[in-house]
>>> print(open('target.csv').read())   # CSV, C-alpha atoms
chain,number,residue,atom,x,y,z
C,1,MET,CA,-9.6,16.6,-28.6
C,2,PHE,CA,-12.8,17.9,-26.8
C,3,PHE,CA,-14.8,15.3,-28.7
C,4,VAL,CA,-12.4,12.5,-27.6
C,5,ARG,CA,-12.7,13.6,-23.9
C,6,CYS,CA,-16.5,13.7,-24.2
C,7,LEU,CA,-16.5,10.2,-25.8
C,8,HIS,CA,-14.3,8.9,-23.0
C,9,ALA,CA,-16.5,10.5,-20.4
C,10,ARG,CA,-19.6,9.0,-22.0
C,11,ARG,CA,-18.1,5.6,-22.0
C,12,ARG,CA,-17.0,5.9,-18.5
C,13,PHE,CA,-20.3,7.0,-17.1
C,14,SER,CA,-22.7,5.2,-19.6
C,15,SER,CA,-26.1,5.1,-17.9
C,16,VAL,CA,-27.9,1.8,-17.4
C,17,SER,CA,-31.3,1.1,-15.9
C,18,ASN,CA,-32.3,1.9,-12.3
C,19,ASN,CA,-29.9,4.7,-11.9
C,20,HIS,CA,-26.9,2.4,-11.9
C,21,PHE,CA,-23.7,3.5,-13.6
C,22,GLU,CA,-21.1,1.3,-15.4
C,23,PHE,CA,-17.6,2.4,-14.6
C,24,ILE,CA,-14.5,1.6,-16.7
C,25,HIS,CA,-11.9,0.2,-14.3
C,26,LYS,CA,-8.3,1.2,-14.6
C,27,PRO,CA,-5.8,-1.6,-14.9
C,28,ASP,CA,-5.1,-2.8,-11.3
C,29,PHE,CA,-1.7,-2.0,-9.9
C,30,ARG,CA,-2.4,-3.8,-6.6
C,31,PRO,CA,-0.2,-6.8,-5.7
C,32,LYS,CA,-1.5,-10.0,-4.1
C,33,ARG,CA,-0.3,-8.9,-0.7
C,34,ILE,CA,1.5,-6.0,1.0
C,35,ILE,CA,3.3,-7.4,4.1
C,36,LEU,CA,4.7,-4.9,6.6
C,37,LEU,CA,7.3,-6.1,9.1
C,38,ARG,CA,8.7,-4.3,12.1
C,39,HIS,CA,12.4,-5.0,12.7
C,40,GLY,CA,13.6,-7.5,15.3
C,41,GLN,CA,14.5,-6.5,18.8
C,42,SER,CA,17.2,-3.9,18.7
C,43,LEU,CA,19.8,-3.0,21.2
C,44,GLY,CA,17.8,0.2,21.8
C,45,ASN,CA,14.7,-1.8,22.6
C,46,ALA,CA,16.6,-3.8,25.2
C,47,ASP,CA,18.6,-0.9,26.7
C,48,GLU,CA,17.6,2.8,26.2
C,49,SER,CA,21.2,3.9,27.2
C,50,ALA,CA,22.4,2.6,23.8
C,51,TYR,CA,21.2,5.8,22.2
C,52,VAL,CA,23.7,7.8,24.3
C,53,THR,CA,26.8,6.7,22.4
C,54,THR,CA,25.4,5.2,19.2
C,55,ALA,CA,23.4,7.0,16.5
C,56,ASP,CA,19.9,5.7,16.3
C,57,TRP,CA,20.3,4.6,12.6
C,58,ARG,CA,23.4,2.5,13.6
C,59,ILE,CA,21.7,0.6,16.5
C,60,PRO,CA,22.0,-3.1,15.7
C,61,LEU,CA,19.8,-6.1,16.5
C,62,THR,CA,20.3,-8.1,19.6
C,63,ASN,CA,20.9,-11.8,19.4
C,64,LEU,CA,17.2,-12.3,20.2
C,65,GLY,CA,16.4,-9.8,17.4
C,66,LYS,CA,18.3,-11.9,14.9
C,67,GLU,CA,16.5,-15.1,16.0
C,68,GLN,CA,13.2,-13.2,15.6
C,69,ALA,CA,14.2,-12.2,12.1
C,70,VAL,CA,15.0,-15.8,11.2
C,71,ASP,CA,11.6,-16.9,12.5
C,72,ALA,CA,9.9,-14.1,10.6
C,73,GLY,CA,11.7,-15.3,7.4
C,74,ARG,CA,10.3,-18.8,7.8
C,75,ILE,CA,6.7,-17.4,8.4
C,76,LEU,CA,7.0,-15.1,5.5
C,77,ARG,CA,8.1,-18.0,3.2
C,78,GLU,CA,5.1,-20.0,4.4
C,79,LYS,CA,2.8,-17.2,3.6
C,80,ILE,CA,4.3,-16.5,0.2
C,81,SER,CA,4.2,-20.1,-0.9
C,82,GLU,CA,2.7,-19.8,-4.4
C,83,GLU,CA,4.7,-21.5,-7.2
C,84,ASP,CA,4.9,-18.3,-9.4
C,85,ALA,CA,5.3,-15.9,-6.5
C,86,LYS,CA,7.4,-12.7,-7.0
C,87,VAL,CA,8.6,-10.5,-4.2
C,88,VAL,CA,9.4,-6.8,-4.0
C,89,PHE,CA,11.3,-5.7,-0.9
C,90,TYR,CA,11.5,-2.2,0.5
C,91,HIS,CA,13.5,-1.4,3.7
C,92,SER,CA,14.5,1.4,5.9
C,93,PRO,CA,18.2,2.4,5.8
C,94,TYR,CA,18.6,1.8,9.5
C,95,LEU,CA,21.0,-1.0,10.5
C,96,ARG,CA,18.4,-2.9,12.5
C,97,THR,CA,16.0,-3.1,9.5
C,98,ARG,CA,18.9,-4.1,7.1
C,99,GLN,CA,19.9,-6.8,9.5
C,100,THR,CA,16.3,-8.0,9.7
C,101,LEU,CA,16.2,-8.0,5.9
C,102,ASP,CA,19.4,-10.0,5.7
C,103,GLU,CA,17.6,-12.9,7.6
C,104,LEU,CA,14.6,-12.8,5.2
C,105,LEU,CA,16.3,-12.8,1.9
C,106,PRO,CA,17.8,-16.4,2.1
C,107,TYR,CA,14.3,-17.8,2.1
C,108,PHE,CA,13.8,-16.5,-1.5
C,109,SER,CA,15.6,-17.3,-4.7
C,110,ASP,CA,17.0,-14.6,-7.0
C,111,SER,CA,14.4,-15.4,-9.6
C,112,GLU,CA,11.6,-14.7,-7.1
C,113,ILE,CA,12.9,-11.3,-6.0
C,114,LEU,CA,12.0,-8.5,-8.5
C,115,SER,CA,13.8,-5.8,-6.5
C,116,CYS,CA,15.2,-4.9,-3.1
C,117,LEU,CA,15.2,-1.1,-2.5
C,118,GLU,CA,16.3,1.1,0.4
C,119,GLU,CA,13.7,3.7,1.2
C,120,PRO,CA,14.6,6.5,3.7
C,121,ARG,CA,11.0,7.8,3.9
C,122,ILE,CA,10.0,4.7,6.0
C,123,CYS,CA,12.7,5.2,8.6
C,124,GLU,CA,12.2,5.7,12.3
C,125,GLN,CA,10.8,8.8,13.9
C,126,GLN,CA,13.6,11.3,14.6
C,127,ILE,CA,13.8,12.1,18.3
C,128,GLY,CA,17.3,13.7,18.4
C,129,ASN,CA,20.9,12.9,17.8
C,130,PHE,CA,23.0,11.4,20.6
C,131,GLN,CA,20.3,11.3,23.3
C,132,ASN,CA,20.1,12.0,27.0
C,133,VAL,CA,18.2,9.0,28.3
C,134,GLN,CA,16.3,10.7,31.0
C,135,GLN,CA,15.2,13.6,28.7
C,136,VAL,CA,13.9,11.1,26.1
C,137,LEU,CA,12.1,9.1,28.8
C,138,ASP,CA,10.5,12.3,30.0
C,139,ALA,CA,9.5,13.3,26.5
C,140,LYS,CA,8.0,9.9,25.8
C,141,LYS,CA,6.0,10.2,29.1
C,142,GLU,CA,4.8,13.6,28.0
C,143,ARG,CA,3.9,12.2,24.5
C,144,SER,CA,1.7,9.6,26.0
C,145,LYS,CA,-0.4,12.4,27.5
C,146,PHE,CA,-0.3,14.7,24.5
C,147,GLY,CA,-0.9,12.1,21.8
C,148,ARG,CA,1.7,10.4,19.5
C,149,PHE,CA,0.5,11.9,16.3
C,150,PHE,CA,0.9,15.6,17.0
C,151,TYR,CA,3.6,15.5,19.8
C,152,ARG,CA,6.9,16.8,18.6
C,153,PHE,CA,10.2,15.8,20.2
C,154,PRO,CA,12.2,18.9,21.2
C,155,SER,CA,15.0,18.0,18.7
C,156,GLY,CA,13.1,15.8,16.3
C,157,GLU,CA,9.9,15.0,14.5
C,158,ALA,CA,6.2,14.8,15.3
C,159,GLY,CA,4.2,11.8,14.3
C,160,LEU,CA,2.6,14.1,11.7
C,161,ASP,CA,6.1,14.5,10.0
C,162,VAL,CA,6.5,10.8,9.7
C,163,TYR,CA,3.0,10.5,8.3
C,164,ASN,CA,3.8,13.1,5.6
C,165,ARG,CA,7.0,11.3,4.5
C,166,VAL,CA,5.4,7.9,4.6
C,167,SER,CA,2.5,9.3,2.6
C,168,SER,CA,4.9,10.5,-0.1
C,169,PHE,CA,6.4,7.0,-0.4
C,170,ILE,CA,3.0,5.5,-1.3
C,171,PRO,CA,2.8,7.1,-4.8
C,172,THR,CA,6.3,5.8,-5.5
C,173,LEU,CA,5.2,2.3,-4.4
C,174,VAL,CA,2.2,2.6,-6.7
C,175,ARG,CA,4.3,3.8,-9.7
C,176,ASP,CA,6.8,0.9,-9.1
C,177,LEU,CA,4.0,-1.6,-9.1
C,178,ASP,CA,2.3,-0.2,-12.2
C,179,ARG,CA,5.7,-0.4,-14.0
C,180,TYR,CA,5.8,-4.1,-13.2
C,181,ARG,CA,2.2,-4.5,-14.4
C,182,ARG,CA,3.0,-2.7,-17.7
C,183,SER,CA,6.1,-4.9,-18.2
C,184,GLY,CA,3.7,-7.9,-18.3
C,185,ILE,CA,4.1,-9.3,-14.7
C,186,ASP,CA,0.9,-10.8,-13.3
C,187,MET,CA,0.2,-8.6,-10.3
C,188,ASP,CA,-1.8,-11.4,-8.6
C,189,ASN,CA,1.6,-13.1,-8.2
C,190,VAL,CA,3.4,-10.1,-6.7
C,191,ASN,CA,4.0,-9.7,-3.0
C,192,VAL,CA,5.4,-6.5,-1.5
C,193,VAL,CA,7.4,-6.8,1.8
C,194,ILE,CA,8.2,-3.6,3.7
C,195,VAL,CA,10.7,-3.8,6.5
C,196,THR,CA,10.3,-0.8,8.7
C,197,HIS,CA,9.7,0.5,12.2
C,198,GLY,CA,6.7,0.3,14.5
C,199,LEU,CA,5.4,3.9,14.2
C,200,ALA,CA,6.2,4.2,10.5
C,201,LEU,CA,4.3,0.9,9.9
C,202,ARG,CA,1.2,2.2,11.7
C,203,LEU,CA,1.4,5.6,9.9
C,204,PHE,CA,1.6,3.8,6.5
C,205,LEU,CA,-1.6,1.9,7.4
C,206,MET,CA,-3.2,5.2,8.6
C,207,ARG,CA,-2.5,6.8,5.2
C,208,TRP,CA,-3.5,3.8,3.1
C,209,PHE,CA,-6.7,3.0,5.0
C,210,GLN,CA,-7.5,6.7,5.7
C,211,TRP,CA,-7.8,6.4,9.4
C,212,SER,CA,-8.8,9.3,11.6
C,213,VAL,CA,-6.2,10.6,14.1
C,214,GLU,CA,-8.3,9.1,16.9
C,215,CYS,CA,-8.2,5.7,15.3
C,216,PHE,CA,-4.4,6.0,15.0
C,217,GLU,CA,-4.1,7.0,18.7
C,218,GLU,CA,-6.0,3.9,19.8
C,219,SER,CA,-3.7,1.6,17.8
C,220,GLN,CA,-0.6,-0.1,19.1
C,221,ASN,CA,2.7,-1.0,17.6
C,222,PRO,CA,3.1,-4.6,16.4
C,223,GLY,CA,5.7,-6.7,18.2
C,224,ASN,CA,9.3,-7.1,16.9
C,225,CYS,CA,9.3,-9.0,13.6
C,226,GLU,CA,5.5,-9.3,13.7
C,227,LEU,CA,4.0,-9.6,10.1
C,228,VAL,CA,1.1,-7.3,9.3
C,229,THR,CA,-0.6,-8.4,6.1
C,230,MET,CA,-2.8,-6.6,3.6
C,231,ASN,CA,-4.5,-8.9,1.1
C,232,LYS,CA,-6.1,-7.9,-2.2
C,233,ARG,CA,-9.8,-8.3,-2.4
C,234,LYS,CA,-12.3,-7.9,-5.3
C,235,ASP,CA,-16.1,-7.7,-5.5
C,236,HIS,CA,-18.4,-9.0,-8.2
C,237,GLU,CA,-18.2,-5.7,-10.0
C,238,GLY,CA,-14.4,-5.8,-10.3
C,239,HIS,CA,-13.6,-3.2,-7.7
C,240,ALA,CA,-10.4,-4.0,-5.9
C,241,TRP,CA,-8.9,-2.9,-2.6
C,242,MET,CA,-6.4,-4.0,0.1
C,243,GLU,CA,-7.8,-5.4,3.3
C,244,LEU,CA,-6.0,-5.9,6.6
C,245,GLU,CA,-6.1,-9.5,8.0
C,246,GLU,CA,-8.4,-9.9,11.0
C,247,LYS,CA,-5.7,-11.2,13.4
C,248,ASP,CA,-3.5,-8.2,12.5
C,249,ARG,CA,-6.4,-5.8,13.1
C,250,GLN,CA,-6.9,-7.3,16.5
C,251,SER,CA,-3.1,-7.3,17.3
C,252,LEU,CA,-2.9,-3.6,16.4
C,253,CYS,CA,-6.1,-2.8,18.5
C,254,LEU,CA,-8.1,-1.5,15.6
C,255,SER,CA,-11.8,-1.4,15.0
C,256,ASP,CA,-13.5,-3.2,12.1
C,257,ALA,CA,-13.8,0.0,10.2
C,258,CYS,CA,-10.0,0.4,10.1
C,259,ALA,CA,-9.4,-2.8,8.1
C,260,VAL,CA,-10.4,-1.5,4.7
C,261,PRO,CA,-10.0,1.9,3.0
C,262,ARG,CA,-12.6,4.5,3.7
C,263,ASN,CA,-13.6,4.8,0.0
C,264,VAL,CA,-14.5,1.1,0.1
C,265,HIS,CA,-17.1,1.8,2.8
C,266,LEU,CA,-18.4,4.7,0.8
C,267,HIS,CA,-18.7,2.5,-2.3
C,268,ARG,CA,-20.6,-0.2,-0.4
C,269,LYS,CA,-22.9,2.4,1.1
C,270,ASN,CA,-23.6,4.0,-2.3
C,271,SER,CA,-24.2,0.5,-3.8
C,272,VAL,CA,-26.7,-0.4,-1.2
C,273,SER,CA,-28.5,3.0,-1.7
C,274,ALA,CA,-28.6,2.4,-5.5
C,275,ILE,CA,-30.1,-1.0,-5.0
C,276,LYS,CA,-32.8,0.4,-2.7
C,277,GLY,CA,-33.5,3.2,-5.2
C,278,ASP,CA,-32.3,5.9,-2.8
C,279,SER,CA,-29.7,7.4,-5.1
C,280,LYS,CA,-30.2,11.0,-6.1
C,281,PRO,CA,-28.9,12.7,-9.2
C,282,ARG,CA,-26.0,15.0,-8.5
>>> encode(input="target.csv", output="structure tokens")
Amino acid sequence: MFFVRCLHARRRFSSVSNNHFEFIHKPDFRPKRIILLRHGQSLGNADESAYVTTADWRIPLTNLGKEQAVDAGRILREKISEEDAKVVFYHSPYLRTRQTLDELLPYFSDSEILSCLEEPRICEQQIGNFQNVQQVLDAKKERSKFGRFFYRFPSGEAGLDVYNRVSSFIPTLVRDLDRYRRSGIDMDNVNVVIVTHGLALRLFLMRWFQWSVECFEESQNPGNCELVTMNKRKDHEGHAWMELEEKDRQSLCLSDACAVPRNVHLHRKNSVSAIKGDSKPR
């Protein structure tokens, strides 16, 4: 067994000239796209007093929110226009995200949809049960001074808590995608659509792209039913990563560095150093 491990290691890091190393790439689980979508306008977006008598997870879409969801479905269909496209849907269990999803699904045939899964870990930040409007407004004002990531609502979650549960969803997503890959599905035909909430959407991006807290604090929520798209990219060496579309980066008020994962920046830096002969043995 030790010999086998050494042989694998030797193959993985077989040395070539000029201090370059040849890496064996793992099979790629990444889909063609990951598209994140905030729900349409909800009754709570239009009227904060809705939370006084209705549980947050039961807040419905407004008529405008349903129209936004229909428009989003059309845009989504135009974006996922490939002949052999397959779609995997994940959605928050909240009523407003389920109603948004209901307007998206008719744009896709049953043969195109691989799965449609409810995922509680991508639900809205918990800020209390039946809410006192003025207390919530005061808390949100205080949060804007304190910072959204670490501020904890008196009866609810901090942004950090949402980050932790969204982070735990990502390995599940990766395992699901790898299962499709192992079943023989071409991952370059697969699109993942995640119907969620504004804060959860940004915290998903924060974890995936490894943003700093300061980078997150400078970002803004997308609009209702705004699509945020991550596309798969590959370099000439076969390295693959997901990259945020430029217009979405601008819409979220993100810097250029936030559009790709941090390890991609490190890889590019190391590659440039190796080409220049600056790499040092470690």
>>> closest_residue(input="target.csv", among="C:Ala69, C:Val166, C:Ile194, C:Ile59", to="Asp47 of chain C", atoms="only C-alpha atoms")
C:Ile59
>>> residues_near_point(input="target.csv", point="(13.8, -11.7, 10.4)", cutoff="8 Å", atoms="all atoms listed in the file", output="MDAnalysis selection string")
chainID C and resid 39:40 65:73 99:104 225
>>> write_last_selection(input="target.csv", atoms="C-alpha atoms", output="mmCIF file, keeping the file's coordinate frame")
data_model
loop_
_atom_site.group_PDB
_atom_site.id
_atom_site.type_symbol
_atom_site.label_atom_id
_atom_site.label_comp_id
_atom_site.auth_asym_id
_atom_site.auth_seq_id
_atom_site.Cartn_x
_atom_site.Cartn_y
_atom_site.Cartn_z
ATOM 1 C CA HIS C 39 12.400 -5.000 12.700
ATOM 2 C CA GLY C 40 13.600 -7.500 15.300
ATOM 3 C CA GLY C 65 16.400 -9.800 17.400
ATOM 4 C CA LYS C 66 18.300 -11.900 14.900
ATOM 5 C CA GLU C 67 16.500 -15.100 16.000
ATOM 6 C CA GLN C 68 13.200 -13.200 15.600
ATOM 7 C CA ALA C 69 14.200 -12.200 12.100
ATOM 8 C CA VAL C 70 15.000 -15.800 11.200
ATOM 9 C CA ASP C 71 11.600 -16.900 12.500
ATOM 10 C CA ALA C 72 9.900 -14.100 10.600
ATOM 11 C CA GLY C 73 11.700 -15.300 7.400
ATOM 12 C CA GLN C 99 19.900 -6.800 9.500
ATOM 13 C CA THR C 100 16.300 -8.000 9.700
ATOM 14 C CA LEU C 101 16.200 -8.000 5.900
ATOM 15 C CA ASP C 102 19.400 -10.000 5.700
ATOM 16 C CA GLU C 103 17.600 -12.900 7.600
ATOM 17 C CA LEU C 104 14.600 -12.800 5.200
ATOM 18 C CA CYS C 225 9.300 -9.000 13.600
#
>>> closest_residue(input="target.csv", among="C:Ser49, C:Gln220, C:Asn191, C:Ser168", to="Trp208 of chain C", atoms="all atoms listed in the file")
C:Ser168
>>> atom_distance(input="target.csv", atom1="atom CA of Thr54 of chain C", atom2="atom CA of Ser92 of chain C")
17.6 Å
>>> closest_residue(input="target.csv", among="C:Gln126, C:Ser115, C:Ser251, C:Asn224", to="Asn45 of chain C", atoms="only C-alpha atoms")
C:Asn224
>>> atom_distance(input="target.csv", atom1="atom CA of Ala85 of chain C", atom2="atom CA of Arg179 of chain C")
17.2 Å
>>> residues_around(input="target.csv", residues="Tyr163 of chain C", least_positions_apart="3", cutoff="12 Å", atoms="all atoms listed in the file", output="PyMOL selection string")
chain C and resi 121-125+148-150+157-160+166-170+199-208+210-211+213+216
>>> atom_distance(input="target.csv", atom1="atom CA of Val88 of chain C", atom2="atom CA of Glu112 of chain C")
8.8 Å
>>> build_atoms(input="target.csv", residues="segment 210-221 of chain C", atoms="all heavy atoms", output="compact mmCIF listing (two decimals), keeping the file's coordinate frame")
# COMPACT_ATOMS: atom_id res chain seq x y z
N GLN C 210 -6.83 5.44 5.40
CA GLN C 210 -7.50 6.70 5.70
C GLN C 210 -8.11 6.76 7.06
O GLN C 210 -9.26 7.16 7.25
CB GLN C 210 -8.53 7.01 4.58
CG GLN C 210 -7.94 7.04 3.18
CD GLN C 210 -8.99 6.94 2.10
OE1 GLN C 210 -9.78 6.01 2.06
NE2 GLN C 210 -9.01 7.92 1.20
N TRP C 211 -7.31 6.31 8.05
CA TRP C 211 -7.80 6.40 9.40
C TRP C 211 -7.92 7.80 9.90
O TRP C 211 -7.20 8.69 9.44
CB TRP C 211 -6.82 5.67 10.37
CG TRP C 211 -6.59 4.22 10.14
CD1 TRP C 211 -7.32 3.36 9.37
CD2 TRP C 211 -5.53 3.44 10.71
NE1 TRP C 211 -6.79 2.10 9.42
CE2 TRP C 211 -5.69 2.12 10.23
CE3 TRP C 211 -4.48 3.73 11.58
CZ2 TRP C 211 -4.82 1.09 10.60
CZ3 TRP C 211 -3.62 2.72 11.94
CH2 TRP C 211 -3.79 1.40 11.46
N SER C 212 -8.74 8.00 10.90
CA SER C 212 -8.80 9.30 11.60
C SER C 212 -7.59 9.30 12.59
O SER C 212 -6.99 8.26 12.90
CB SER C 212 -10.08 9.43 12.38
OG SER C 212 -10.15 8.46 13.42
N VAL C 213 -7.28 10.49 13.11
CA VAL C 213 -6.20 10.60 14.10
C VAL C 213 -6.60 9.82 15.37
O VAL C 213 -5.75 9.16 15.98
CB VAL C 213 -5.95 12.08 14.44
CG1 VAL C 213 -4.99 12.21 15.63
CG2 VAL C 213 -5.36 12.80 13.23
N GLU C 214 -7.88 9.87 15.74
CA GLU C 214 -8.30 9.10 16.90
C GLU C 214 -8.13 7.64 16.75
O GLU C 214 -7.73 6.95 17.69
CB GLU C 214 -9.79 9.47 17.22
CG GLU C 214 -10.00 10.86 17.78
CD GLU C 214 -11.44 11.10 18.19
OE1 GLU C 214 -12.27 10.17 18.03
OE2 GLU C 214 -11.73 12.20 18.68
N CYS C 215 -8.41 7.15 15.55
CA CYS C 215 -8.20 5.70 15.30
C CYS C 215 -6.74 5.36 15.43
O CYS C 215 -6.39 4.32 16.02
CB CYS C 215 -8.72 5.38 13.89
SG CYS C 215 -8.61 3.62 13.46
N PHE C 216 -5.86 6.21 14.90
CA PHE C 216 -4.40 6.00 15.00
C PHE C 216 -4.01 5.95 16.51
O PHE C 216 -3.25 5.07 16.95
CB PHE C 216 -3.62 7.02 14.29
CG PHE C 216 -2.16 7.03 14.66
CD1 PHE C 216 -1.30 6.08 14.14
CD2 PHE C 216 -1.66 7.97 15.55
CE1 PHE C 216 0.04 6.06 14.51
CE2 PHE C 216 -0.33 7.96 15.92
CZ PHE C 216 0.53 7.00 15.39
N GLU C 217 -4.50 6.91 17.28
CA GLU C 217 -4.10 7.00 18.70
C GLU C 217 -4.51 5.79 19.48
O GLU C 217 -3.87 5.44 20.46
CB GLU C 217 -4.70 8.29 19.31
CG GLU C 217 -4.12 9.60 18.79
CD GLU C 217 -2.68 9.83 19.24
OE1 GLU C 217 -2.18 9.08 20.11
OE2 GLU C 217 -2.04 10.77 18.72
N GLU C 218 -5.58 5.13 19.07
CA GLU C 218 -6.00 3.90 19.80
C GLU C 218 -5.25 2.69 19.39
O GLU C 218 -5.32 1.67 20.08
CB GLU C 218 -7.53 3.71 19.49
CG GLU C 218 -8.43 4.79 20.09
CD GLU C 218 -9.86 4.65 19.63
OE1 GLU C 218 -10.15 3.75 18.78
OE2 GLU C 218 -10.71 5.45 20.09
N SER C 219 -4.50 2.77 18.29
CA SER C 219 -3.70 1.60 17.80
C SER C 219 -2.46 1.42 18.60
O SER C 219 -2.01 2.32 19.31
CB SER C 219 -3.43 1.76 16.31
OG SER C 219 -2.49 2.80 16.10
N GLN C 220 -1.88 0.23 18.47
CA GLN C 220 -0.60 -0.10 19.10
C GLN C 220 0.39 -0.63 18.14
O GLN C 220 0.01 -1.20 17.12
CB GLN C 220 -0.86 -1.14 20.25
CG GLN C 220 -1.73 -0.65 21.38
CD GLN C 220 -1.87 -1.71 22.48
OE1 GLN C 220 -1.32 -2.80 22.39
NE2 GLN C 220 -2.62 -1.38 23.51
N ASN C 221 1.67 -0.45 18.45
CA ASN C 221 2.70 -1.00 17.60
C ASN C 221 2.65 -2.53 17.57
O ASN C 221 2.32 -3.15 18.60
CB ASN C 221 4.10 -0.60 18.10
CG ASN C 221 4.52 0.77 17.62
OD1 ASN C 221 3.89 1.37 16.77
ND2 ASN C 221 5.61 1.28 18.17
